[in-house]
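Peer 1: So that you have it, the file is model_2.cif, and it contains mmCIF, C-alpha atoms:
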data_my_file
#
loop_
_atom_site.label_atom_id
_atom_site.label_comp_id
_atom_site.auth_asym_id
_atom_site.auth_seq_id
_atom_site.Cartn_x
_atom_site.Cartn_y
_atom_site.Cartn_z
CA MET A 209 25.31 0.91 -29.16
CA TYR A 210 28.06 -1.62 -29.64
CA PHE A 211 31.23 -2.18 -27.72
CA ALA A 212 33.94 -4.22 -29.41
CA ALA A 213 37.40 -5.14 -28.23
CA LEU A 214 40.17 -7.48 -29.22
CA LEU A 215 42.13 -9.55 -26.71
CA ALA A 216 45.38 -10.84 -28.18
CA ARG A 217 47.40 -13.47 -26.36
CA THR A 218 51.09 -12.72 -26.08
CA GLU A 219 54.06 -14.30 -24.31
CA ASP A 220 53.37 -11.99 -21.37
CA GLY A 221 49.60 -12.58 -21.14
CA TRP A 222 46.81 -10.75 -22.91
CA GLU A 223 46.70 -7.33 -24.57
CA ALA A 224 43.37 -5.55 -24.91
CA SER A 225 42.50 -3.00 -27.56
CA ASP A 226 39.23 -1.43 -28.52
CA THR A 227 38.27 -1.75 -32.13
CA GLU A 228 35.93 -0.15 -34.58
CA LEU A 229 33.67 -2.43 -36.56
CA ASP A 230 32.83 0.17 -39.22
CA ASN A 231 34.65 -1.76 -41.97
CA VAL A 232 33.51 -5.19 -40.80
CA GLU A 233 30.75 -6.59 -42.99
CA THR A 234 31.48 -10.31 -42.84
CA LEU A 235 32.96 -12.87 -40.48
CA THR A 236 35.99 -12.97 -42.79
CA ASP A 237 36.49 -9.22 -42.25
CA LEU A 238 36.31 -9.72 -38.48
CA ALA A 239 38.72 -12.67 -38.58
CA ASP A 240 41.16 -10.66 -40.70
CA LEU A 241 40.95 -7.76 -38.23
CA ALA A 242 41.68 -10.16 -35.37
CA ARG A 243 44.62 -11.71 -37.24
CA GLU A 244 46.12 -8.24 -37.75
CA HIS A 245 46.35 -7.97 -33.94
CA SER A 246 47.72 -11.48 -33.46
CA VAL A 247 51.20 -11.98 -32.06
CA ASP A 248 52.93 -14.92 -33.75
CA GLU A 249 49.54 -16.27 -34.95
CA ASP A 250 48.44 -16.82 -31.36
CA THR A 251 44.84 -16.64 -30.14
CA VAL A 252 42.83 -13.45 -30.55
CA LEU A 253 39.38 -13.01 -29.08
CA ALA A 254 36.98 -10.51 -30.60
CA LEU A 255 34.46 -9.49 -27.95
CA ILE A 256 31.27 -7.74 -29.03
CA GLU A 257 28.31 -6.63 -26.96
CA GLN A 258 25.26 -4.54 -27.55
CA GLU A 259 23.97 -2.66 -24.51
CA ASP A 260 23.90 -5.77 -22.27
CA ALA A 261 21.25 -7.29 -24.59
CA TRP A 262 23.65 -9.86 -26.06
CA PHE A 263 27.34 -10.57 -26.36
CA ALA A 264 29.48 -12.56 -28.72
CA VAL A 265 32.94 -14.05 -28.62
CA VAL A 266 34.77 -14.84 -31.84
CA ARG A 267 37.96 -16.82 -31.35
CA VAL A 268 40.63 -16.74 -34.03
CA ASP A 269 43.58 -19.13 -33.70
CA GLY A 270 46.08 -18.48 -36.48
CA GLU A 271 44.65 -19.43 -39.86
CA GLU A 272 42.02 -21.81 -38.46
CA ASP A 273 38.35 -21.06 -39.03
CA PRO A 274 36.96 -18.69 -36.40
CA ARG A 275 34.89 -20.17 -33.60
CA ILE A 276 31.81 -18.21 -32.53
CA PHE A 277 29.55 -18.01 -29.49
CA VAL A 278 26.53 -15.70 -29.30
CA SER A 279 24.73 -15.38 -25.96
CA ASP A 280 21.22 -14.72 -27.35
CA ALA A 281 20.87 -15.48 -31.03
CA ALA A 282 17.30 -14.20 -31.47
CA THR A 283 18.15 -10.83 -29.92
CA ALA A 284 21.50 -10.58 -31.71
CA ALA A 285 19.90 -11.36 -35.08
CA ARG A 286 18.00 -8.08 -34.86
CA SER A 287 21.25 -6.09 -35.05
CA SER A 288 23.72 -5.83 -37.90
CA TYR A 289 26.78 -7.43 -36.27
CA GLY A 290 24.69 -9.99 -34.43
CA ALA A 291 22.92 -10.93 -37.67
CA MET A 292 26.29 -11.35 -39.37
CA LEU A 293 27.33 -13.85 -36.67
CA THR A 294 24.02 -15.71 -36.37
CA ASP A 295 23.75 -15.99 -40.17
CA GLU A 296 27.21 -17.56 -40.22
CA LEU A 297 26.31 -20.00 -37.44
CA LEU A 298 23.06 -20.95 -39.17
CA GLY A 299 24.79 -21.42 -42.52
CA ARG A 300 22.89 -18.64 -44.22
CA ASP A 301 24.27 -17.08 -47.35
CA GLU A 302 24.74 -13.31 -47.25
CA ASP A 303 22.41 -12.97 -50.21
CA ASP A 304 19.58 -15.18 -48.87
CA GLY A 305 16.30 -13.43 -49.45
CA ASP A 306 17.86 -10.63 -51.49
CA ASP A 307 17.03 -11.94 -54.96
CA LEU A 308 13.75 -10.17 -55.64
CA ASP A 309 14.01 -10.93 -59.37
CA ALA A 310 13.18 -14.60 -58.69
CA LEU A 311 9.96 -13.72 -56.86
CA ASP A 312 6.50 -13.57 -58.33
CA LEU A 313 4.04 -10.92 -57.16
CA ASP A 314 2.79 -13.15 -54.35
CA GLY A 315 6.35 -13.42 -52.99
CA THR A 316 7.00 -16.97 -54.12
CA GLU A 317 9.14 -18.38 -56.90
CA ASP A 318 7.20 -19.18 -60.08
CA GLY A 319 3.96 -18.34 -58.30
CA GLU A 320 3.99 -21.62 -56.36
CA PRO A 321 3.46 -21.46 -52.60
CA GLU A 322 6.50 -22.56 -50.61
CA PRO A 323 6.12 -25.43 -48.17
CA ASP A 324 6.42 -24.55 -44.50
CA ASP A 325 9.36 -26.89 -44.00
CA ASP A 326 11.72 -28.29 -46.63
CA GLU A 327 13.14 -31.75 -46.10
CA ASP A 328 16.62 -30.39 -46.78
CA GLY A 329 16.31 -27.56 -44.26
CA GLY A 330 16.13 -24.77 -46.82
CA GLY A 331 12.52 -23.66 -46.26
CA PRO A 332 11.07 -20.98 -44.01
CA ALA A 333 11.46 -23.12 -40.90
CA ALA A 334 15.24 -23.01 -41.43
CA SER A 335 15.17 -19.21 -41.25
CA VAL A 336 14.02 -19.18 -37.63
CA VAL A 337 16.74 -17.97 -35.27
CA PRO A 338 16.67 -19.88 -31.99
CA ALA A 339 16.21 -18.01 -28.73
CA GLY A 340 19.14 -18.36 -26.39
CA PRO A 341 22.79 -19.23 -26.98
CA LEU A 342 24.12 -20.28 -30.36
CA GLY A 343 27.56 -21.46 -31.41
CA ASP A 344 30.44 -23.10 -29.58
CA PRO A 345 30.06 -22.72 -25.81
CA GLU A 346 33.39 -24.52 -25.30
CA LEU A 347 35.51 -22.02 -27.26
CA LEU A 348 37.00 -20.59 -24.03
CA ALA A 349 37.24 -23.82 -21.99
CA ASP A 350 41.00 -24.19 -22.48
CA LEU A 351 41.41 -20.55 -21.39
CA GLY A 352 39.64 -21.00 -18.06
CA VAL A 353 36.00 -20.22 -18.90
CA SER A 354 34.01 -23.43 -18.92
CA GLU A 355 30.92 -24.04 -21.02
CA LYS A 356 28.78 -23.85 -17.87
CA GLU A 357 30.32 -20.52 -16.86
CA LEU A 358 29.96 -19.04 -20.35
CA LEU A 359 26.31 -20.08 -20.62
CA ALA A 360 25.55 -18.54 -17.20
CA LEU A 361 26.98 -15.10 -18.05
CA ASP A 362 24.72 -12.11 -18.43
CA GLY A 363 24.93 -8.40 -17.76
CA ASP A 364 28.58 -7.42 -17.97
CA ALA A 365 29.70 -10.72 -19.48
CA LEU A 366 32.73 -9.32 -21.27
CA THR A 367 34.22 -8.08 -18.01
CA SER A 368 33.63 -11.51 -16.46
CA ILE A 369 35.39 -13.19 -19.38
CA ALA A 370 38.28 -10.72 -19.21
CA ASP A 371 38.50 -11.24 -15.44
CA SER A 372 38.83 -15.00 -15.95
CA LEU A 373 41.64 -14.35 -18.43
CA GLY A 374 43.34 -11.90 -16.07
CA VAL A 375 42.88 -8.91 -18.36
CA ALA A 376 39.84 -7.16 -16.81
CA GLU A 377 41.73 -3.95 -15.99
CA GLU A 378 43.08 -3.69 -19.53
CA LEU A 379 39.61 -4.25 -21.00
CA GLU A 380 38.10 -1.58 -18.75
CA ALA A 381 40.85 0.82 -19.81
CA VAL A 382 39.83 0.52 -23.47
CA ARG A 383 36.11 0.60 -22.71
#
Here is a file; write its structure as structure tokens.

Peer 2:
Amino acid sequence: MYFAALLARTEDGWEASDTELDNVETLTDLADLAREHSVDEDTVLALIEQEDAWFAVVRVDGEEDPRIFVSDAATAARSSYGAMLTDELLGRDEDDGDDLDALDLDGTEDGEPEPDDDEDGGGPAASVVPAGPLGDPELLADLGVSEKELLALDGDALTSIADSLGVAEELEAVR
């Protein structure tokens, strides 16, 4: 089960709102959702967690590209929203591995075995999702959560992040 919330920075601090991810299929969808909650194109944090197994923070600052941090990429990659984020961080195309028409019966293109590791990073070795954190561990540093603190979080990490931002009560109210 997922929990997702948006924290939008305002002149008076932060506003928390829970959010449904039902219509979110891509990082662009998530960034657009965050921008809809933005006040004067200020920072919005999308917080996602799955049953204390992993959490993610997606930071959207105006029209800039979103910044992402995932606490445990290998675990997150086994879930739909986590896979969306880890695929983005690893530079995977949404359609990677979906083109069955290009495969021969043995599962390779043109019947030729694929090498274990391409020089350009496109082979099977590139598809391995690393265990542990992935992304930008400094995305909250200017907001009071250092890289060291973010990397040390586990359990109820989202509450710890919200507490550092001074919005823990508001986050718990939408939980």

Peer 1: Can you translate the PyMOL selection byres ((chain A and resi 216-229) around 6) into the concrete residues it hits in this file, as a VMD selection string?

Peer 2: chain A and resid 212 to 215 230 to 232 246 251 to 252 378 to 379 382

Peer 1: Using the chain letters and numbering of this document, enumerate as a PyMOL selection string the residues selected by the PyMOL selection byres ((chain A and resi 277-281) around 9).

Peer 2: chain A and resi 261-267+275-276+282-286+290-291+293-294+297+337-347+358-359+361-362

Peer 1: Rounded to one decimal place, report the atom CA of Met209 of chain A-atom CA of Glu272 of chain A distance in Å.

Peer 2: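 It comes out at 29.7 Å.
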
Peer 1: Ranking A:Ala242, A:Val353, A:Val268, A:Val247 by minimum distance to Leu366 of chain A and counting all atoms listed in the file, which one comes first?

Peer 2: A:Val353

Peer 1: From the list A:Asp371, A:Asp295, A:Glu357, A:Asp240, which residue is nearest Ala254 of chain A when using only C-alpha atoms?

Peer 2: A:Asp240

Peer 1: Hey, which of A:Leu373, A:Leu241, A:Met292, A:Ile256 ends up closest to Asp350 of chain A? Count only C-alpha atoms.

Peer 2: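 When distances to Asp350 of chain A are compared using only C-alpha atoms, the smallest one comes from A:Leu373.
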
Peer 1: What does the distance from atom CA of Ser368 of chain A to atom CA of Asp273 of chain A come to in Å, to one decimal?

Peer 2: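 Between atom CA of Ser368 of chain A and atom CA of Asp273 of chain A the gap is 25.0 Å.
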
Peer 1: In Å, how far is it from atom CA of Arg383 of chain A to atom CA of Asp364 of chain A?

Peer 2: 12.0 Å

Peer 1: Choose the residue, out of A:Thr234, A:Leu255, A:Glu355, A:Glu271, that has the smallest atom-to-atom separation from Ala370 of chain A; count only C-alpha atoms.

Peer 2: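 Among the listed residues, the smallest separation from Ala370 of chain A belongs to A:Leu255.
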
Peer 1: Compare A:Asp269, A:Glu296, A:Glu377, A:Asp260 by their minimum atom-to-atom distance to Asp248 of chain A, counting all atoms listed in the file, and give me the closest one.

Peer 2: A:Asp269
